[in-house]
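Visitor: Below you will find the structure I want to go over with you.
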Amino acid sequence: MRKLVRRLRSLPIRARLSLLVAAAVAFAVAAVSVTCWFIVQGKLLGEIDDDLQSGVPPSLPAAQVAATLNSCPQSSSESFPFGVRFKGYVQVVRADGEACLYGVSTGVVKVADSDKAVARNPNPRVVTLRNGTDGQGDPVRVLTTALVVDSPDGRYVAKDAALVMAIPLKATQSTLNELALILLLVSGIGVLGAGAAGLAVARAGLRPVDKLTEAVEHVARTEDLNVRIPVENDSDDEVARLSRSFNSMTSALASSRELQQQLIADAGHELRTPLTSLRTNIELLTRSEETGRPLPEADRKALLASVKAQMTELASLIGDLQELSRPEKGQHAGKAQIVAWQDIVDSALRRARLRGPELTITADVQPWYVRAEPSALERAIVNVLDNAVKFSPEAGTIEVRLADGVLTVRDHGPGIPADELPHVFDRFWRSPSARALPGSGLGLSIVARTVQQAGGEVTLAPAEGGGTVVTVRLPGAPVAPPELPA
C-alpha cells in the first residue's frame, strides 16, 4: 500500500487528477450498476412470484390427490389437468420428502427442508418462496403451500403433504446476465470516458499552473524579474490569486533590486568624493616624505585636518548606510520600548550645542512618552538638529519645542525652495545649494524611516520670516505608564 502511495505521489498532478476522476466515476458507476442489477432482479423475481401465487388453485379434487399420493408418479401425466394458465412444475411433497408429480409438470423439483416443514405442519395461510433447482440442475423459483383438498364433504387440508409449484428461471437469469454484461460495458466506457475527460480538464485547469511554473523556472534560470503572468481581471479562483501573488512578488523583488542597485550606485558616488580627497592628501604627504621636502607646518596641519574630516565623513556615511541597510519592517520590533522622548531631545540638544557653540538654541521640552527604539530615535533627532545647525547663519537662533507629542525645530537659515521639498526625504538627495557642505544626503531619510516605524510622521515646511520648520509627531502619552521604571 505504501509503495502504491509513493508511486501515485511521484506521478504528475494531471495524471493523479485523471486517476482520481476515473476512480470516482468508476465507484459511482459501479454502485449505480450494482443497484440497478439488484433492482431489476427483484422486479423480475417479484413478477415470477406473482405468477406463482396467482396460479395456486383454491383446492384440488380429492380423487386426483389420493391417486397421486398412492401411486406417486415420477413422470408427467395429462390425466390430472392443473390449470390452463400455469405452465411450470407441479408436484405434491410428502412429509418424508418424497415428491410426486401432479398432472402435466415440466419436471421434478428438488425437495428442500422448508418443503418438508410445510408438509408436516400445513397451513393454507402460509406460503414460502425460494430459489431451487430441478432434476436437471436448472434454476427454478419455488412456491410451497398447504395442499387443500376438495371432497364431497367439503374442503380440508391434507395432512403430511404440501403443494409445490415452480417456474424455470433460465430465461430470467439469461436476462440478468445480459443486463450485467451491458452494465459492465457501459461502466467500462464511462470509466474510460471519465479518465479522458479528467485528463482534458486537468490539462485545461493546470495550464495556468504550467505557465506559472515556466515563469518561475525562467526567473530561476535568467534572474529576469520582469516576467509577468497574464491574469483575467474578472477571475478570482485559486490559480488567478496565485498568479497575482507571483506578479506582485516579482514586482516587489524587481523594485527591491532597483532600489538596491540605486543605493549601491549612490553610495559609490558619495564614497568616491571623500576617498579621492583622502587619496590626494595622503599622496601629498607621502611624496613629501619620499622627496625629503617637508611641507610647511601650516599646510601639513591643514592636510591632516582635511584627512581627519574626510575620515569622519566616511565613518558617518558608513553608519548611515548600515542604518538604511536594515530591514524596513520590524527592524526594531524586538528593541522597541517605552521611552521618555523629552530625555532623548535633551540629549540631542547637548550634542547640537557642542557642534554649534556660536548658535543660540532655545528649548521648551515637555514630558511625552512614546514607544520606539531609543538609539534610533535619538539618532533621528540628532540628524534634525544637525541640519538646523548646519544651515543656520552665524550667531543665529534655533528654536526647539516639544509639547503634546509634537516636536518642532525651527531654524533661520536660507530655507528650502518649494520645488525641492518633495525630495528632501529621498536617499542621497542634496539640495544644489548644500552640496558644498559636509553630509551624505541620508540624514533625513533615516529620520523619516525611524519616525514611520514608531508610528508617527515628519514634515518640512518653510518658516515665516525665512528658515525651515521640521515637525515630528509621535503617538504617546504625557504620563509614563506603570511599567516604565521611575
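Residues are referred to by chain and number: the chain letter is A, B, ... according to the order shown in the C-alpha cells, the number counts from 1 in that chain, and ligands are numbered separately from 1 in the order shown.
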So that I can see what lies close to Gly466 of chain A, please list as a ChimeraX atom specification the residues with an atom at most 10 Å from it, counting only C-alpha atoms and leaving out residues fewer than 3 positions away in the same chain.
Guide: /A:410-416,462-463,469
Visitor: Those selected residues, please, written with C-alpha atoms and delivered as a JSON list (two decimals), in the first residue's frame.
Guide:
```json
[["chain", "number", "residue", "atom", "x", "y", "z"],
["A", 410, "ARG", "CA", 12.83, 75.95, 13.55],
["A", 411, "ASP", "CA", 15.98, 77.49, 12.12],
["A", 412, "HIS", "CA", 16.58, 80.87, 10.49],
["A", 413, "GLY", "CA", 18.65, 79.65, 7.58],
["A", 414, "PRO", "CA", 18.10, 80.07, 3.83],
["A", 415, "GLY", "CA", 15.15, 77.67, 3.84],
["A", 416, "ILE", "CA", 14.22, 75.05, 1.24],
["A", 462, "PRO", "CA", 9.11, 76.96, 5.09],
["A", 463, "ALA", "CA", 9.03, 79.13, 8.21],
["A", 469, "VAL", "CA", 10.37, 74.21, 10.36]]
```
Visitor: When you look at Thr362 of chain A with a cut-off of 9 Å (counting only C-alpha atoms), what residues show up, excluding the ones that are within fewer than 3 positions of it in the same chain? I need them as a list in words.
Guide: Thr397, Ile398, Glu399, Val400 and Arg401 of chain A
Visitor: Hey, what's within 6 Å of segment 172-188 of chain A if we count only C-alpha atoms and toss same-chain stuff fewer than 3 positions away? As a ChimeraX atom specification, please?
Guide: /A:29,33,169,191
Visitor: Please, could you write that set of residues out with C-alpha atoms as a short mmCIF file (atom, residue, chain, number, x, y, z; two decimals), in the first residue's frame?
Guide:
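What ended up in selection-v6.cif:
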```
data_model
loop_
_atom_site.label_atom_id
_atom_site.label_comp_id
_atom_site.auth_asym_id
_atom_site.auth_seq_id
_atom_site.Cartn_x
_atom_site.Cartn_y
_atom_site.Cartn_z
CA VAL A 29 -20.89 3.79 -11.93
CA SER A 33 -24.84 -0.59 -11.88
CA LEU A 169 -35.53 -19.16 -14.08
CA VAL A 191 -14.64 5.00 -16.68
#
```
Visitor: I need the residues in segment 52-298 of chain A that are helix (DSSP H, G or I) according to DSSP; give them as a VMD selection string.
Guide: chain A and resid 52 to 55 62 to 71 113 to 120 170 to 222 238 to 291 297 to 298
Visitor: Hey, which of A:Thr280, A:Gly396, A:Ser347, A:Pro481 ends up closest to Tyr369 of chain A? Count only C-alpha atoms.
Guide: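 Of the candidates, the smallest distance to Tyr369 of chain A is held by A:Pro481.
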